[in-house]
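Chemist: Please see the structure below; I have some questions.
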Amino acid sequence: MEANAIQTTGLRRVFKMRNRTVEAVAGVDLTVRQGEIFGFLGPNGAGKTTTLRMLTTLLSPSGGTAMVAGCDLLKEPDRVRERIGYVGQAGGADREIKGRTELVFQGRLYGMSLAAARNRAAELIDMLELEACADRKVTTYSGGQKRRLDIGLGLAHNPQLLFLDEPTTGLDPQSRARVWDEVRRMHDRGTTVFLTTHYLDEADALCDRIAIIDQGKIVAEGTPEELKREVAGDLVTLSVMGDQQGAIDLLKGQPFVREATTDGGFVRLYVDRGETAMPTILRLLDSAGMRLMTIGLQRPSLDDVFLRKTGRSLRETAA
Amino acid sequence: MKVLRDTWLVFGRYWGLFIGNPVWVAIGVVQPLLYLLLFAPLLKSISHTPGFPSGGAYNVFVPGLLVQLGMFGAAGVGFSLIAELRMGVIERLRVTPVSRLALLLGRALRDILSIVVQSLILILLALPFGLSIHPIGVVVVLALIALIGLLTASIAYAVALWLRSEDSYAPLIFTASLPILLLSGVLLPLGLAPQWLRTIAAANPLSYAVDAARAVFNDDLGNPSVVKGVAIMAVLSIIAVFVGARAFGRAVA
């Protein structure tokens, strides 16, 4: 049993331009654990796609080592290919071919007999609810159907590790929710999922852990909760009757409060864990005889994390 | 053998795509017919010109036409590959353990099969016009045309993977194939050409294929130019297949 689905050390990729070399990926150390949903974020041109292409054997690394699905990426790319599934941004189904035909062909490429590949295709069609369109050419599919077929192609051989490159880009909210459901179901079946995304809410809602890459290097790695806490902490906003300064003086001294400011009639407290800080705050104010009027908790978003780590907002850089 | 199995699978996919599109099949059949009906009659009148090889107009013209079919039939195959690059099909296939050689050979076999069938149709259609050929000659000529198809298709796929855009692929392929075709004597025999043109043609591998095809149609299977033409095409095809398969292995799709 392998401990990690992906383990890279100093993974590098250099591109030679006309008269200079560009280091697109400059030494990436990444650990993706077995069975988790791992989100890989980064502004355009940060090395996100290049890293993904190396991990999926599409591009050979210029340096470093990587174990992917228990095999050495550099020495046995063919064994890596047998164990991973990949769904690219463009998808990969031919518009002129029927969905079912594509699924059967994909299974055959992984060495299945015709009968086994047909069974697997039927299974996937059932699982991804593609019955309505499976026997039509892909050109007639809706965006959501097409995306589900693409995912089916990536799952044809029941891989232990699946790579999804921006799986929900360009989808309507409903289809997006369907894709999220599919990813969660894969996760429930024990498949490790490595996905890139431009949507921070997606990373937040879906991923067990995430990494942010910027200028070819990993600048943050952890669970969304950890990263948010590390960057900003939770924000508790409250207002009291009367002595506002007294409230600040009282709360400032508490060990869980990082920073306390006033903003108009409100007291703003940056705390480590809002959910445990709030009851304590209530108790303290109560015993000091202060009357609380309002209190609210605001969690930092991954966008705050992204902004802090890369100096850019992902929303601005999204193409 | 994994390579054979994969090649068969890949061939099946692309043959299915070809057969599934009646327009392509129709074009494949009509094209040779047009050449015979609209071009060959012109040759009748010049076949008595001094320097025109013996054997009758059709026996001189049809071999050239077949070589042209082999080359032009395969030169355009990169277009479909570029469309597939855009759809992500090639990337998807490259992440599977499928043999890279099979990715090239399977496609090229489809191209070759369609070219060979077209060639056979053309030969059969030319018979009533006065073409004469021995059955063994037909087999040799079809093998030669298949090699030309394999050579051209392999190069075309490598170029398509390299350029990745129709806008640069089309001018390059057609600019390159035109002089190669003209300098091989496909349309009119190079026997009619001035010496300097013949000297340049001698450096063109395709002219040996044309010589070989003409010798076969001249009922001269023992002519050394037959072995020479087939051998040159075979060696070049092997090199081209190697280059093409490497291109599939390395393509940055």
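Labels used: A, B, ... for chains in the order of the structure tokens, numbers from 1 for residues in each chain, and numbers from 1 for ligands as shown.
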Set out as a tab-separated table a contact list for chain B and chain A with a cut-off of 9 Å, giving each residue of chain B that qualifies its closest atom pair and distance in Å to one decimal, counting only C-alpha atoms, ordered by chain and rising residue number.

Modeler:
residue	atom	partner	partner_atom	distance
B:Lys2	CA	A:Gly111	CA	8.9
B:Asp6	CA	A:Leu109	CA	7.1
B:Leu9	CA	A:Arg108	CA	7.7
B:Val10	CA	A:Phe105	CA	8.7
B:Arg13	CA	A:Phe105	CA	7.7
B:Leu17	CA	A:Ile97	CA	7.4
B:Glu84	CA	A:Asp94	CA	7.0
B:Leu85	CA	A:Gly92	CA	8.8
B:Arg86	CA	A:Ala90	CA	7.3
B:Met87	CA	A:Ala90	CA	5.6
B:Gly88	CA	A:Gly92	CA	4.2
B:Val89	CA	A:Gly92	CA	4.1
B:Ile90	CA	A:Gly92	CA	7.4
B:Glu91	CA	A:Gly92	CA	7.1
B:Arg92	CA	A:Gly92	CA	5.4
B:Leu93	CA	A:Gly92	CA	8.2
B:Arg94	CA	A:Leu58	CA	7.0
B:Val95	CA	A:Arg81	CA	5.9
B:Thr96	CA	A:Arg81	CA	5.5
B:Pro97	CA	A:Arg81	CA	5.4
B:Val98	CA	A:Leu109	CA	5.8
B:Gly249	CA	A:Leu58	CA	8.6
B:Arg250	CA	A:Leu59	CA	7.5
B:Ala251	CA	A:Leu58	CA	8.0
B:Val252	CA	A:Leu59	CA	7.0
B:Ala253	CA	A:Leu58	CA	8.1

Chemist: For stretch 290-298 of chain A, please output as an MDAnalysis selection string all residues within 12 Å (counting only C-alpha atoms; exclusion window: fewer than 4 positions along the same chain).

Modeler: chainID A and resid 228:229 232:248 250 265:279 281:286

Chemist: Limited to N, CA and C atoms, could you put the picked residues into a file as a CSV table (one decimal), in the first residue's frame?

Modeler:
chain,number,residue,atom,x,y,z
A,228,LYS,N,-6.6,29.4,5.3
A,228,LYS,CA,-7.3,30.6,5.6
A,228,LYS,C,-6.9,31.1,7.0
A,229,ARG,N,-6.8,30.2,7.9
A,229,ARG,CA,-6.5,30.5,9.3
A,229,ARG,C,-5.1,31.2,9.3
A,232,ALA,N,-5.2,34.9,7.5
A,232,ALA,CA,-5.9,36.0,8.1
A,232,ALA,C,-6.6,35.8,9.4
A,233,GLY,N,-7.0,34.6,9.7
A,233,GLY,CA,-7.8,34.3,10.9
A,233,GLY,C,-9.2,34.7,10.6
A,234,ASP,N,-10.1,34.4,11.5
A,234,ASP,CA,-11.5,34.7,11.4
A,234,ASP,C,-11.7,36.1,11.9
A,235,LEU,N,-12.7,36.7,11.4
A,235,LEU,CA,-13.1,38.1,11.8
A,235,LEU,C,-14.4,38.1,12.6
A,236,VAL,N,-14.3,38.6,13.8
A,236,VAL,CA,-15.5,38.7,14.6
A,236,VAL,C,-15.8,40.2,14.7
A,237,THR,N,-17.0,40.6,14.3
A,237,THR,CA,-17.4,42.0,14.3
A,237,THR,C,-18.5,42.1,15.4
A,238,LEU,N,-18.4,43.0,16.3
A,238,LEU,CA,-19.4,43.2,17.3
A,238,LEU,C,-19.6,44.6,17.7
A,239,SER,N,-20.8,44.9,18.3
A,239,SER,CA,-21.0,46.3,18.8
A,239,SER,C,-21.6,46.2,20.2
A,240,VAL,N,-21.3,47.1,21.0
A,240,VAL,CA,-21.8,47.1,22.4
A,240,VAL,C,-22.5,48.4,22.7
A,241,MET,N,-23.4,48.3,23.8
A,241,MET,CA,-24.0,49.6,24.3
A,241,MET,C,-22.9,50.3,25.1
A,242,GLY,N,-22.7,51.6,24.8
A,242,GLY,CA,-21.9,52.4,25.6
A,242,GLY,C,-20.4,52.3,25.4
A,243,ASP,N,-19.6,51.8,26.4
A,243,ASP,CA,-18.2,51.9,26.4
A,243,ASP,C,-17.5,51.0,25.4
A,244,GLN,N,-17.3,51.5,24.2
A,244,GLN,CA,-16.7,50.7,23.2
A,244,GLN,C,-15.2,50.4,23.5
A,245,GLN,N,-14.5,51.5,23.9
A,245,GLN,CA,-13.1,51.4,24.2
A,245,GLN,C,-12.8,50.4,25.3
A,246,GLY,N,-13.7,50.4,26.3
A,246,GLY,CA,-13.6,49.4,27.4
A,246,GLY,C,-13.7,48.0,26.9
A,247,ALA,N,-14.5,47.7,25.9
A,247,ALA,CA,-14.7,46.4,25.3
A,247,ALA,C,-13.4,46.0,24.6
A,248,ILE,N,-12.8,46.9,23.9
A,248,ILE,CA,-11.5,46.7,23.2
A,248,ILE,C,-10.5,46.3,24.2
A,250,LEU,N,-10.7,45.2,27.1
A,250,LEU,CA,-11.0,43.9,27.7
A,250,LEU,C,-10.5,42.7,26.8
A,265,GLY,N,-19.0,52.2,14.5
A,265,GLY,CA,-19.5,51.8,15.8
A,265,GLY,C,-19.2,50.3,16.1
A,266,PHE,N,-18.3,49.7,15.3
A,266,PHE,CA,-18.1,48.3,15.4
A,266,PHE,C,-16.7,48.0,16.0
A,267,VAL,N,-16.6,46.9,16.7
A,267,VAL,CA,-15.3,46.4,17.1
A,267,VAL,C,-14.9,45.2,16.2
A,268,ARG,N,-13.7,45.3,15.6
A,268,ARG,CA,-13.3,44.2,14.7
A,268,ARG,C,-12.2,43.4,15.4
A,269,LEU,N,-12.4,42.1,15.6
A,269,LEU,CA,-11.4,41.3,16.2
A,269,LEU,C,-11.0,40.2,15.2
A,270,TYR,N,-9.6,40.1,15.0
A,270,TYR,CA,-9.1,39.0,14.2
A,270,TYR,C,-8.7,37.9,15.2
A,271,VAL,N,-9.4,36.8,15.1
A,271,VAL,CA,-9.1,35.7,16.1
A,271,VAL,C,-8.7,34.4,15.3
A,272,ASP,N,-8.1,33.5,16.0
A,272,ASP,CA,-7.7,32.3,15.4
A,272,ASP,C,-8.8,31.4,15.0
A,273,ARG,N,-9.7,31.1,15.9
A,273,ARG,CA,-10.9,30.3,15.6
A,273,ARG,C,-12.1,30.9,16.0
A,274,GLY,N,-12.9,31.4,15.1
A,274,GLY,CA,-14.1,32.2,15.4
A,274,GLY,C,-15.1,31.4,16.2
A,275,GLU,N,-15.2,30.1,15.8
A,275,GLU,CA,-16.3,29.3,16.5
A,275,GLU,C,-16.1,29.1,18.0
A,276,THR,N,-14.8,29.0,18.4
A,276,THR,CA,-14.5,28.8,19.8
A,276,THR,C,-14.3,30.2,20.5
A,277,ALA,N,-13.9,31.2,19.7
A,277,ALA,CA,-13.7,32.5,20.3
A,277,ALA,C,-15.0,33.2,20.7
A,278,MET,N,-16.1,33.0,19.9
A,278,MET,CA,-17.3,33.7,20.1
A,278,MET,C,-17.9,33.4,21.5
A,279,PRO,N,-18.1,32.2,21.9
A,279,PRO,CA,-18.6,31.9,23.3
A,279,PRO,C,-17.8,32.6,24.4
A,281,ILE,N,-16.0,35.3,24.1
A,281,ILE,CA,-16.2,36.7,24.0
A,281,ILE,C,-17.5,37.1,24.7
A,282,LEU,N,-18.6,36.3,24.4
A,282,LEU,CA,-19.9,36.5,25.0
A,282,LEU,C,-19.8,36.5,26.6
A,283,ARG,N,-19.1,35.5,27.0
A,283,ARG,CA,-18.9,35.3,28.5
A,283,ARG,C,-18.2,36.5,29.1
A,284,LEU,N,-17.1,36.9,28.5
A,284,LEU,CA,-16.3,38.0,29.0
A,284,LEU,C,-17.1,39.3,29.1
A,285,LEU,N,-17.8,39.6,28.0
A,285,LEU,CA,-18.5,40.8,28.0
A,285,LEU,C,-19.6,40.8,29.1
A,286,ASP,N,-20.3,39.6,29.2
A,286,ASP,CA,-21.3,39.5,30.1
A,286,ASP,C,-20.9,39.7,31.5

Chemist: Write out as an NGL selection string all residues of stretch 4-195 of chain A that backbone DSSP assigns to alpha helix (DSSP H).

Modeler: :A and (48-55 or 77-83 or 99-109 or 114-127 or 143-155 or 173-188)

Chemist: May I have the residues from that selection written out with C-alpha atoms, as a PDB file, in the first residue's frame?

Modeler:
ATOM      1  CA  LYS A  48       0.074  24.952 -13.123  1.00  0.00           C
ATOM      2  CA  THR A  49      -0.548  23.379 -16.509  1.00  0.00           C
ATOM      3  CA  THR A  50       3.121  22.497 -17.015  1.00  0.00           C
ATOM      4  CA  THR A  51       3.155  20.636 -13.698  1.00  0.00           C
ATOM      5  CA  LEU A  52      -0.044  18.812 -14.574  1.00  0.00           C
ATOM      6  CA  ARG A  53       1.350  17.840 -17.974  1.00  0.00           C
ATOM      7  CA  MET A  54       4.488  16.430 -16.377  1.00  0.00           C
ATOM      8  CA  LEU A  55       2.527  14.425 -13.803  1.00  0.00           C
ATOM      9  CA  PRO A  77       5.876   6.325 -17.633  1.00  0.00           C
ATOM     10  CA  ASP A  78       3.952   3.425 -19.194  1.00  0.00           C
ATOM     11  CA  ARG A  79       3.123   1.960 -15.801  1.00  0.00           C
ATOM     12  CA  VAL A  80       2.044   5.395 -14.606  1.00  0.00           C
ATOM     13  CA  ARG A  81      -0.257   5.632 -17.662  1.00  0.00           C
ATOM     14  CA  GLU A  82      -1.908   2.332 -16.768  1.00  0.00           C
ATOM     15  CA  ARG A  83      -2.838   3.626 -13.326  1.00  0.00           C
ATOM     16  CA  GLY A  99     -20.159   8.554 -26.971  1.00  0.00           C
ATOM     17  CA  ARG A 100     -20.519   4.828 -26.410  1.00  0.00           C
ATOM     18  CA  THR A 101     -18.017   4.061 -29.200  1.00  0.00           C
ATOM     19  CA  GLU A 102     -15.492   6.383 -27.577  1.00  0.00           C
ATOM     20  CA  LEU A 103     -15.940   4.737 -24.178  1.00  0.00           C
ATOM     21  CA  VAL A 104     -15.487   1.243 -25.629  1.00  0.00           C
ATOM     22  CA  PHE A 105     -12.405   2.322 -27.587  1.00  0.00           C
ATOM     23  CA  GLN A 106     -10.913   3.922 -24.491  1.00  0.00           C
ATOM     24  CA  GLY A 107     -11.348   0.710 -22.505  1.00  0.00           C
ATOM     25  CA  ARG A 108      -9.740  -1.283 -25.320  1.00  0.00           C
ATOM     26  CA  LEU A 109      -6.702   1.019 -25.225  1.00  0.00           C
ATOM     27  CA  LEU A 114     -14.181  -6.098 -26.431  1.00  0.00           C
ATOM     28  CA  ALA A 115     -16.776  -7.668 -24.110  1.00  0.00           C
ATOM     29  CA  ALA A 116     -15.184  -6.178 -20.994  1.00  0.00           C
ATOM     30  CA  ALA A 117     -14.871  -2.754 -22.625  1.00  0.00           C
ATOM     31  CA  ARG A 118     -18.559  -2.877 -23.647  1.00  0.00           C
ATOM     32  CA  ASN A 119     -19.610  -3.770 -20.127  1.00  0.00           C
ATOM     33  CA  ARG A 120     -17.518  -1.008 -18.656  1.00  0.00           C
ATOM     34  CA  ALA A 121     -18.921   1.511 -21.158  1.00  0.00           C
ATOM     35  CA  ALA A 122     -22.479   0.508 -20.203  1.00  0.00           C
ATOM     36  CA  GLU A 123     -21.573   0.864 -16.535  1.00  0.00           C
ATOM     37  CA  LEU A 124     -20.139   4.349 -17.065  1.00  0.00           C
ATOM     38  CA  ILE A 125     -23.110   5.438 -19.176  1.00  0.00           C
ATOM     39  CA  ASP A 126     -25.400   4.343 -16.364  1.00  0.00           C
ATOM     40  CA  MET A 127     -23.258   5.936 -13.665  1.00  0.00           C
ATOM     41  CA  GLY A 143     -22.001  21.139 -22.412  1.00  0.00           C
ATOM     42  CA  GLY A 144     -22.830  19.123 -19.322  1.00  0.00           C
ATOM     43  CA  GLN A 145     -23.260  15.842 -21.227  1.00  0.00           C
ATOM     44  CA  LYS A 146     -19.968  16.397 -23.030  1.00  0.00           C
ATOM     45  CA  ARG A 147     -18.158  17.026 -19.756  1.00  0.00           C
ATOM     46  CA  ARG A 148     -19.624  13.880 -18.194  1.00  0.00           C
ATOM     47  CA  LEU A 149     -18.523  11.847 -21.203  1.00  0.00           C
ATOM     48  CA  ASP A 150     -15.015  13.316 -20.871  1.00  0.00           C
ATOM     49  CA  ILE A 151     -14.976  12.238 -17.242  1.00  0.00           C
ATOM     50  CA  GLY A 152     -16.207   8.793 -18.282  1.00  0.00           C
ATOM     51  CA  LEU A 153     -13.263   8.497 -20.693  1.00  0.00           C
ATOM     52  CA  GLY A 154     -10.907   9.327 -17.828  1.00  0.00           C
ATOM     53  CA  LEU A 155     -12.552   6.648 -15.681  1.00  0.00           C
ATOM     54  CA  PRO A 173     -24.209  26.195 -12.454  1.00  0.00           C
ATOM     55  CA  GLN A 174     -26.351  23.055 -12.689  1.00  0.00           C
ATOM     56  CA  SER A 175     -23.814  21.084 -14.715  1.00  0.00           C
ATOM     57  CA  ARG A 176     -21.123  22.343 -12.403  1.00  0.00           C
ATOM     58  CA  ALA A 177     -22.960  20.931  -9.404  1.00  0.00           C
ATOM     59  CA  ARG A 178     -23.288  17.600 -11.253  1.00  0.00           C
ATOM     60  CA  VAL A 179     -19.532  17.482 -11.821  1.00  0.00           C
ATOM     61  CA  TRP A 180     -18.937  18.232  -8.134  1.00  0.00           C
ATOM     62  CA  ASP A 181     -21.245  15.341  -7.252  1.00  0.00           C
ATOM     63  CA  GLU A 182     -19.318  13.037  -9.577  1.00  0.00           C
ATOM     64  CA  VAL A 183     -16.008  14.065  -8.037  1.00  0.00           C
ATOM     65  CA  ARG A 184     -17.377  13.395  -4.557  1.00  0.00           C
ATOM     66  CA  ARG A 185     -18.637   9.990  -5.649  1.00  0.00           C
ATOM     67  CA  MET A 186     -15.192   9.119  -7.015  1.00  0.00           C
ATOM     68  CA  HIS A 187     -13.770  10.213  -3.705  1.00  0.00           C
ATOM     69  CA  ASP A 188     -16.230   7.949  -1.873  1.00  0.00           C
TER      70      ASP A 188
END

Chemist: Env of B:Gly70: 6 Å cut, atoms = only C-alpha atoms, seq-sep filter 3 positions within chain, self excluded. Answer as a list in words.

Modeler: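 Residues meeting the cut-off are Val67, Gly73, Ile145, Ile148 and Gly149 of chain B.
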
Chemist: What does the file look like for those residues with N, CA and C atoms, as an mmCIF file, in the first residue's frame?

Modeler:
data_model
loop_
_atom_site.group_PDB
_atom_site.id
_atom_site.type_symbol
_atom_site.label_atom_id
_atom_site.label_comp_id
_atom_site.auth_asym_id
_atom_site.auth_seq_id
_atom_site.Cartn_x
_atom_site.Cartn_y
_atom_site.Cartn_z
ATOM 1 N N VAL B 67 0.861 7.290 -58.728
ATOM 2 C CA VAL B 67 1.848 7.845 -57.802
ATOM 3 C C VAL B 67 1.322 9.151 -57.219
ATOM 4 N N GLY B 73 -3.111 11.878 -51.970
ATOM 5 C CA GLY B 73 -4.093 11.241 -51.100
ATOM 6 C C GLY B 73 -3.658 11.261 -49.650
ATOM 7 N N ILE B 145 2.469 1.890 -54.386
ATOM 8 C CA ILE B 145 1.621 3.037 -54.041
ATOM 9 C C ILE B 145 1.381 3.074 -52.524
ATOM 10 N N ILE B 148 4.345 4.638 -50.942
ATOM 11 C CA ILE B 148 4.333 6.095 -51.130
ATOM 12 C C ILE B 148 3.345 6.732 -50.152
ATOM 13 N N GLY B 149 2.178 6.076 -49.997
ATOM 14 C CA GLY B 149 1.175 6.577 -49.059
ATOM 15 C C GLY B 149 1.707 6.587 -47.633
#

Chemist: What lies within 10 Å of B:Leu192 using only C-alpha atoms, ignoring chain neighbours under 3 positions off, as a list in words?

Modeler: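 That gives Thr49, Pro50, Gly51, Phe52, Pro53, Gly185, Leu188, Pro189, Gln195, Leu197 and Arg198 of chain B.
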
Chemist: Please, could you write that set of residues out with N, CA and C atoms as a JSON list (two decimals), in the first residue's frame?

Modeler:
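Result written to part_34.json:
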[["chain", "number", "residue", "atom", "x", "y", "z"],
["B", 49, "THR", "N", 4.38, 12.01, -79.96],
["B", 49, "THR", "CA", 5.49, 12.95, -79.94],
["B", 49, "THR", "C", 6.80, 12.18, -79.76],
["B", 50, "PRO", "N", 7.88, 12.64, -80.41],
["B", 50, "PRO", "CA", 9.17, 11.96, -80.20],
["B", 50, "PRO", "C", 9.57, 12.07, -78.73],
["B", 51, "GLY", "N", 10.11, 11.01, -78.18],
["B", 51, "GLY", "CA", 10.52, 11.04, -76.76],
["B", 51, "GLY", "C", 9.47, 10.48, -75.86],
["B", 52, "PHE", "N", 8.20, 10.36, -76.30],
["B", 52, "PHE", "CA", 7.14, 9.79, -75.48],
["B", 52, "PHE", "C", 7.37, 8.29, -75.39],
["B", 53, "PRO", "N", 7.36, 7.75, -74.19],
["B", 53, "PRO", "CA", 7.69, 6.33, -74.03],
["B", 53, "PRO", "C", 6.69, 5.43, -74.76],
["B", 185, "GLY", "N", 8.03, 13.48, -62.78],
["B", 185, "GLY", "CA", 7.54, 13.06, -64.08],
["B", 185, "GLY", "C", 6.21, 12.35, -64.02],
["B", 188, "LEU", "N", 3.86, 14.15, -67.19],
["B", 188, "LEU", "CA", 4.47, 13.81, -68.47],
["B", 188, "LEU", "C", 5.85, 13.23, -68.19],
["B", 189, "PRO", "N", 6.25, 12.25, -68.96],
["B", 189, "PRO", "CA", 7.53, 11.58, -68.70],
["B", 189, "PRO", "C", 8.70, 12.55, -68.79],
["B", 195, "GLN", "N", 17.90, 18.50, -70.25],
["B", 195, "GLN", "CA", 18.87, 17.81, -69.41],
["B", 195, "GLN", "C", 18.90, 18.36, -67.97],
["B", 197, "LEU", "N", 16.68, 19.72, -66.14],
["B", 197, "LEU", "CA", 15.52, 19.29, -65.37],
["B", 197, "LEU", "C", 15.68, 17.83, -64.97],
["B", 198, "ARG", "N", 16.23, 17.05, -65.88],
["B", 198, "ARG", "CA", 16.43, 15.63, -65.59],
["B", 198, "ARG", "C", 17.44, 15.45, -64.47]]

Chemist: How many Å lie between atom CA of B:Arg107 and atom CA of B:Val77, rounded to one decimal?

Modeler: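 Atom-to-atom, atom CA of B:Arg107 and atom CA of B:Val77 are spaced 9.1 Å apart.
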
Chemist: Find the distance between atom CA of A:Asp204 and atom CA of A:Gly27 and write it in Å to one decimal.

Modeler: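 Atom-to-atom, atom CA of A:Asp204 to atom CA of A:Gly27, that is 25.6 Å.
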
Chemist: Set the distance at 10 Å and use only C-alpha atoms: which residues neighbour B:Pro205 once local chain neighbours fewer than 5 positions away are removed? I'd like the list as a list in words.

Modeler: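 After dropping sequence-adjacent residues, the list is Ile180, Leu183, Ser184, Val210, Gly229, Ile232, Met233 and Leu236 of chain B.
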
Chemist: Considering only C-alpha atoms, can you say which of B:Ala247, B:Ala156, B:Leu104, B:Ile112 comes closest to B:Tyr169?

Modeler: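 For B:Tyr169, the nearest of the candidates is B:Ala156.
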
Chemist: Taking 3 positions as the minimum chain separation for residues in the same chain, which residues sit within 6 Å of stretch 29-32 of chain B when counting only C-alpha atoms? Answer as a PyMOL selection string.

Modeler: chain B and resi 26+35+122

Chemist: Using only C-alpha atoms, which of the listed residues (A:Lys98, A:Lys75, A:Arg20, A:Arg308) sits closest to A:Cys133?

Modeler: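 Ranked by minimum distance to A:Cys133, first place goes to A:Lys98.
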
Chemist: Of the candidates A:Ile210, A:Ala46, A:Leu307, A:Leu11, which one gets nearest to A:Gly63 if we count only C-alpha atoms?

Modeler: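 Counting only C-alpha atoms, the residue closest to A:Gly63 is A:Leu11.
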
Chemist: Between A:Ser113, A:Thr21, A:Gln160, A:Thr140, single out the one closest to A:Gly35, counting only C-alpha atoms.

Modeler: A:Gln160

Chemist: Could you check the closest approach to B:Ala209 for each of B:Leu182, B:Leu38, B:Leu172, B:Leu144 and tell me which residue wins, using only C-alpha atoms?

Modeler: B:Leu144

Chemist: So which residues touch A:Cys207 within 6 Å, counting only C-alpha atoms, skipping near sequence neighbours fewer than 6 positions away, as a ChimeraX atom specification?

Modeler: /A:37-39

Chemist: What's the separation between atom CA of B:Ile133 and atom CA of B:Leu178, in Å to one decimal place?

Modeler: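 For atom CA of B:Ile133 relative to atom CA of B:Leu178, the distance reads 28.2 Å.
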
Chemist: Would you return as a PyMOL selection string the members of stretch 181-302 of chain A that DSSP assigns to strand (DSSP E) on this structure's backbone?

Modeler: chain A and resi 192-196+209-214+217-222+234-240+257-263+266-271+292-298
